[in-house]
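Data block below; observations after.
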Amino acid sequence: YRTNQPMTLQKLEHPQGKLLAWILLSAILLTIFVLIILIFNPRGNPANSQYCFFTAGLIIFFTIAYLLNHSGFYKISAAILVVSLATAPWVSFLFDPAIFHGDFVPLTYTVLSILLSSILLPIYLTVILAILQFSGITLVLIYSPASASFNWASFLFFVIAISALSVTTNYIIQSNVKQITNQISLLARNEALLREQAIRDSLTNLFNRRYLQETLEREIERAKRTQHTLGVIMLDLNHFKEINDTLGHATGDVVLQEFGKFLLTQVRHYDIVSRYGGDEFV
């Protein structure tokens, strides 16, 4: 009940936390679906078992990211998701040499990390990721023996187009998110200020009569329930009218303010000091 106690705002949830949660849930479900397809794949790809373990690992990473986001660690969660998707196509090179020899389909998934980065991460990280992915794909196409029979120009243009759109989208989204965050923060401050003003006397910054009446009812019920005593002191300033009449209302206001400060020094921190009205205090 201290009048000089600083106001603290409730920690705001990240504005994209719910979006990330839905993306992670979708990623988990889609990855589980892919794992089921790989397990029951009738083609018998030699690298099928490695893909199964790799997909199961992605499910674990996505689940960890979801739990971290749920706990409030948005940035770490978003980073895990984007890094997992960004490295997944390149990790597949370790156990599937067919990619380097013409099966370039896994490389198309590099655009997923760029798209998600444009939604979830800062713009400079999206630009860095797009450059790294484009450079890696270019090196693969240069040194792959099967690049001569592959329409690599269209593929590179596809990656460039997705990267450019992602960076543009990132800029727009981050600008909107920043604006929304500022507005939410301003609304929270205004709400806290209005709540504080509703229970405070504007002159002395003590609690007002309305707050006193509401609190007194609760304290009386608590005293009845716990069988404890309740002390109430009501007092006013003698000859206060003479101060206003002779020295002016501005001086009278200063007297009320100083007396309010004095009362706060004479009570415990959990006691309630209020201005009842005029020169009356409780």
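How things are named: the first chain in the structure tokens is A, the next is B, and so on; residues count from 1 in each chain; ligands count from 1 in the order shown.
Residues within 10 Å of Tyr51 of chain A, counting only C-alpha atoms and excluding same-chain residues fewer than 5 positions away, are A:Val34, A:Leu35, A:Leu38, A:Ile39, A:Asn45, A:Pro46, A:Ala56, A:Gly57, A:Ser92, A:Phe95, A:Asp96.
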Could you write those residues out with N, CA and C atoms, as a short mmCIF file (atom, residue, chain, number, x, y, z; two decimals), in the first residue's frame?
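As a result, result03.cif now contains:
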```
data_model
loop_
_atom_site.label_atom_id
_atom_site.label_comp_id
_atom_site.auth_asym_id
_atom_site.auth_seq_id
_atom_site.Cartn_x
_atom_site.Cartn_y
_atom_site.Cartn_z
N VAL A 34 5.49 -37.39 -42.59
CA VAL A 34 6.60 -37.80 -43.46
C VAL A 34 7.28 -39.05 -42.92
N LEU A 35 7.45 -39.13 -41.62
CA LEU A 35 8.08 -40.30 -41.01
C LEU A 35 7.25 -41.55 -41.25
N LEU A 38 7.86 -42.63 -44.77
CA LEU A 38 9.18 -43.24 -44.93
C LEU A 38 9.22 -44.66 -44.36
N ILE A 39 8.53 -44.87 -43.24
CA ILE A 39 8.53 -46.20 -42.63
C ILE A 39 7.84 -47.23 -43.53
N ASN A 45 14.30 -47.46 -50.63
CA ASN A 45 15.46 -46.60 -50.86
C ASN A 45 16.57 -46.98 -49.88
N PRO A 46 17.81 -47.18 -50.35
CA PRO A 46 18.90 -47.57 -49.45
C PRO A 46 19.09 -46.57 -48.29
N ALA A 56 12.96 -38.32 -37.43
CA ALA A 56 12.64 -38.43 -36.01
C ALA A 56 13.40 -37.38 -35.20
N GLY A 57 14.64 -37.12 -35.60
CA GLY A 57 15.40 -36.08 -34.93
C GLY A 57 14.78 -34.70 -35.11
N SER A 92 21.30 -34.07 -45.25
CA SER A 92 20.93 -35.25 -46.04
C SER A 92 22.03 -35.65 -47.03
N PHE A 95 24.24 -38.83 -45.96
CA PHE A 95 23.84 -40.23 -46.09
C PHE A 95 23.08 -40.52 -47.39
N ASP A 96 22.93 -39.53 -48.25
CA ASP A 96 22.24 -39.76 -49.52
C ASP A 96 23.04 -39.14 -50.66
#
```
Shell of 8 Å around Asp279 of chain A, only C-alpha atoms, local chain residues under 2 positions omitted, as a ChimeraX atom specification
/A:236-237,240,256,275-277,281
Residues from last step as file, N, CA, C and O atoms, as a short mmCIF file (atom, residue, chain, number, x, y, z; two decimals), in the first residue's frame:
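The result, written out as out-v7.cif:
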```
data_model
loop_
_atom_site.label_atom_id
_atom_site.label_comp_id
_atom_site.auth_asym_id
_atom_site.auth_seq_id
_atom_site.Cartn_x
_atom_site.Cartn_y
_atom_site.Cartn_z
N ASP A 236 -8.49 15.46 11.24
CA ASP A 236 -8.47 16.58 10.32
C ASP A 236 -7.50 17.63 10.84
O ASP A 236 -6.96 17.51 11.95
N LEU A 237 -7.25 18.62 10.01
CA LEU A 237 -6.30 19.68 10.37
C LEU A 237 -7.07 20.83 11.02
O LEU A 237 -8.02 21.36 10.44
N PHE A 240 -7.64 24.80 9.33
CA PHE A 240 -7.20 24.73 7.93
C PHE A 240 -7.91 25.80 7.10
O PHE A 240 -7.33 26.33 6.14
N LEU A 256 -1.57 20.31 2.75
CA LEU A 256 -2.18 18.98 2.64
C LEU A 256 -1.16 17.96 2.11
O LEU A 256 -1.10 16.82 2.58
N ARG A 275 -6.95 10.11 1.92
CA ARG A 275 -7.57 11.43 2.12
C ARG A 275 -9.07 11.24 1.98
O ARG A 275 -9.58 10.91 0.92
N TYR A 276 -9.76 11.51 3.07
CA TYR A 276 -11.21 11.27 3.08
C TYR A 276 -11.95 12.39 2.36
O TYR A 276 -12.97 12.19 1.74
N GLY A 277 -11.40 13.58 2.42
CA GLY A 277 -12.01 14.74 1.77
C GLY A 277 -11.62 16.01 2.47
O GLY A 277 -11.54 16.05 3.70
N PHE A 281 -8.45 13.07 6.97
CA PHE A 281 -7.63 11.91 6.58
C PHE A 281 -8.05 10.71 7.44
O PHE A 281 -8.51 10.86 8.56
#
```
Go through A:Pro89, A:Thr251, A:Val82, A:Arg218 one by one, measure the shortest atom-to-atom distance of each to Ile114 of chain A using only C-alpha atoms, and give the residue with the smallest value.
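Nearest candidate to Ile114 of chain A out of A:Pro89, A:Thr251, A:Val82, A:Arg218: A:Val82.
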So which residues touch Val111 of chain A within 12 Å, counting only C-alpha atoms, skipping near sequence neighbours fewer than 3 positions away, as a ChimeraX atom specification?
/A:82,85-89,105-108,114-118,126,129-134,137,155-166
Selected residues, N, CA and C atoms, written as a short mmCIF file (atom, residue, chain, number, x, y, z; two decimals), in the first residue's frame, please.
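Saved the output as selection_28.cif:
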```
data_model
loop_
_atom_site.label_atom_id
_atom_site.label_comp_id
_atom_site.auth_asym_id
_atom_site.auth_seq_id
_atom_site.Cartn_x
_atom_site.Cartn_y
_atom_site.Cartn_z
N VAL A 82 14.26 -22.47 -37.45
CA VAL A 82 14.86 -22.02 -38.71
C VAL A 82 16.17 -22.75 -38.99
N LEU A 85 15.50 -26.35 -40.17
CA LEU A 85 15.06 -26.43 -41.56
C LEU A 85 16.16 -25.99 -42.53
N ALA A 86 17.02 -25.07 -42.09
CA ALA A 86 18.09 -24.60 -42.97
C ALA A 86 19.17 -25.65 -43.18
N THR A 87 19.46 -26.42 -42.14
CA THR A 87 20.53 -27.42 -42.24
C THR A 87 20.04 -28.79 -42.70
N ALA A 88 18.74 -29.03 -42.60
CA ALA A 88 18.21 -30.35 -42.95
C ALA A 88 18.58 -30.79 -44.37
N PRO A 89 18.38 -29.95 -45.42
CA PRO A 89 18.76 -30.40 -46.77
C PRO A 89 20.23 -30.73 -46.92
N VAL A 105 15.94 -32.53 -55.53
CA VAL A 105 14.66 -32.20 -54.87
C VAL A 105 14.85 -31.74 -53.42
N PRO A 106 15.70 -32.42 -52.62
CA PRO A 106 15.88 -31.94 -51.23
C PRO A 106 16.36 -30.50 -51.12
N LEU A 107 17.07 -30.02 -52.15
CA LEU A 107 17.56 -28.64 -52.09
C LEU A 107 16.43 -27.63 -52.17
N THR A 108 15.29 -28.03 -52.72
CA THR A 108 14.16 -27.09 -52.80
C THR A 108 13.63 -26.72 -51.41
N ILE A 114 14.16 -19.96 -45.43
CA ILE A 114 14.18 -18.53 -45.77
C ILE A 114 12.81 -17.91 -45.52
N LEU A 115 11.77 -18.62 -45.92
CA LEU A 115 10.41 -18.11 -45.71
C LEU A 115 10.09 -17.95 -44.23
N LEU A 116 10.41 -18.96 -43.44
CA LEU A 116 10.12 -18.88 -42.01
C LEU A 116 10.99 -17.83 -41.32
N SER A 117 12.23 -17.70 -41.77
CA SER A 117 13.09 -16.67 -41.20
C SER A 117 12.51 -15.28 -41.47
N SER A 118 11.92 -15.10 -42.64
CA SER A 118 11.33 -13.81 -42.97
C SER A 118 10.15 -13.47 -42.08
N THR A 126 17.66 -12.98 -42.01
CA THR A 126 17.05 -13.54 -43.23
C THR A 126 17.95 -13.31 -44.43
N LEU A 129 20.94 -15.70 -44.15
CA LEU A 129 20.53 -17.07 -44.45
C LEU A 129 20.29 -17.26 -45.94
N ALA A 130 19.66 -16.29 -46.58
CA ALA A 130 19.40 -16.40 -48.02
C ALA A 130 20.70 -16.45 -48.81
N ILE A 131 21.69 -15.64 -48.42
CA ILE A 131 22.99 -15.65 -49.11
C ILE A 131 23.68 -17.00 -48.93
N LEU A 132 23.66 -17.54 -47.71
CA LEU A 132 24.30 -18.83 -47.46
C LEU A 132 23.63 -19.95 -48.24
N GLN A 133 22.31 -19.97 -48.25
CA GLN A 133 21.60 -21.02 -48.98
C GLN A 133 21.85 -20.91 -50.48
N PHE A 134 21.81 -19.70 -51.00
CA PHE A 134 22.05 -19.51 -52.43
C PHE A 134 23.48 -19.91 -52.79
N ILE A 137 23.75 -23.79 -52.78
CA ILE A 137 23.11 -24.39 -53.96
C ILE A 137 23.94 -24.16 -55.21
N PHE A 155 16.12 -22.94 -61.43
CA PHE A 155 16.15 -23.26 -60.01
C PHE A 155 16.78 -22.14 -59.20
N LEU A 156 17.89 -21.59 -59.68
CA LEU A 156 18.54 -20.49 -58.98
C LEU A 156 17.65 -19.24 -58.97
N PHE A 157 16.99 -19.01 -60.09
CA PHE A 157 16.07 -17.86 -60.13
C PHE A 157 14.94 -18.04 -59.11
N PHE A 158 14.49 -19.28 -58.96
CA PHE A 158 13.44 -19.57 -57.98
C PHE A 158 13.91 -19.24 -56.57
N VAL A 159 15.13 -19.63 -56.24
CA VAL A 159 15.68 -19.35 -54.91
C VAL A 159 15.85 -17.85 -54.70
N ILE A 160 16.35 -17.16 -55.74
CA ILE A 160 16.54 -15.71 -55.63
C ILE A 160 15.20 -15.00 -55.44
N ALA A 161 14.20 -15.42 -56.21
CA ALA A 161 12.88 -14.79 -56.11
C ALA A 161 12.28 -14.99 -54.72
N ILE A 162 12.39 -16.23 -54.22
CA ILE A 162 11.86 -16.50 -52.88
C ILE A 162 12.61 -15.68 -51.83
N SER A 163 13.92 -15.56 -51.98
CA SER A 163 14.71 -14.79 -51.02
C SER A 163 14.32 -13.32 -51.04
N ALA A 164 14.17 -12.76 -52.25
CA ALA A 164 13.80 -11.35 -52.36
C ALA A 164 12.43 -11.08 -51.76
N LEU A 165 11.47 -11.96 -52.05
CA LEU A 165 10.14 -11.80 -51.47
C LEU A 165 10.16 -11.96 -49.96
N SER A 166 11.00 -12.88 -49.48
CA SER A 166 11.09 -13.11 -48.04
C SER A 166 11.66 -11.90 -47.31
#
```
Taking into account only C-alpha atoms, which residue in the set A:Asp253, A:Ile184, A:Leu263, A:Tyr124 is nearest to Leu235 of chain A?
A:Leu263
Nearest-residue call for Val267 of chain A, choices A:Ile233, A:Ile37, A:Leu212, A:Lys241, using only C-alpha atoms
A:Ile233
Which of segment 51-233 of chain A counts as alpha helix (DSSP H) under DSSP, as a ChimeraX atom specification please?
/A:51-70,74-91,110-120,123-143,152-198,209-226
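Put simply, atom CA of Lys75 of chain A is 26.6 Å away from atom CA of Phe53 of chain A.
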From the list A:Gly248, A:Pro122, A:Gly278, A:Gly72, which residue is nearest Ile172 of chain A when using only C-alpha atoms?
A:Pro122
Mind pulling up the distance from atom CA of Ala65 of chain A to atom CA of Phe33 of chain A?
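Distance between the two atoms: 18.6 Å.
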Please measure the separation of atom CA of Gly252 of chain A and atom CA of Glu280 of chain A, giving the value in Å to one decimal.
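Separation of atom CA of Gly252 of chain A and atom CA of Glu280 of chain A: 13.0 Å.
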Pick from A:Asn151, A:Asn176, A:Ser274, A:Thr215, whichever lies nearest to Met234 of chain A using only C-alpha atoms
A:Ser274
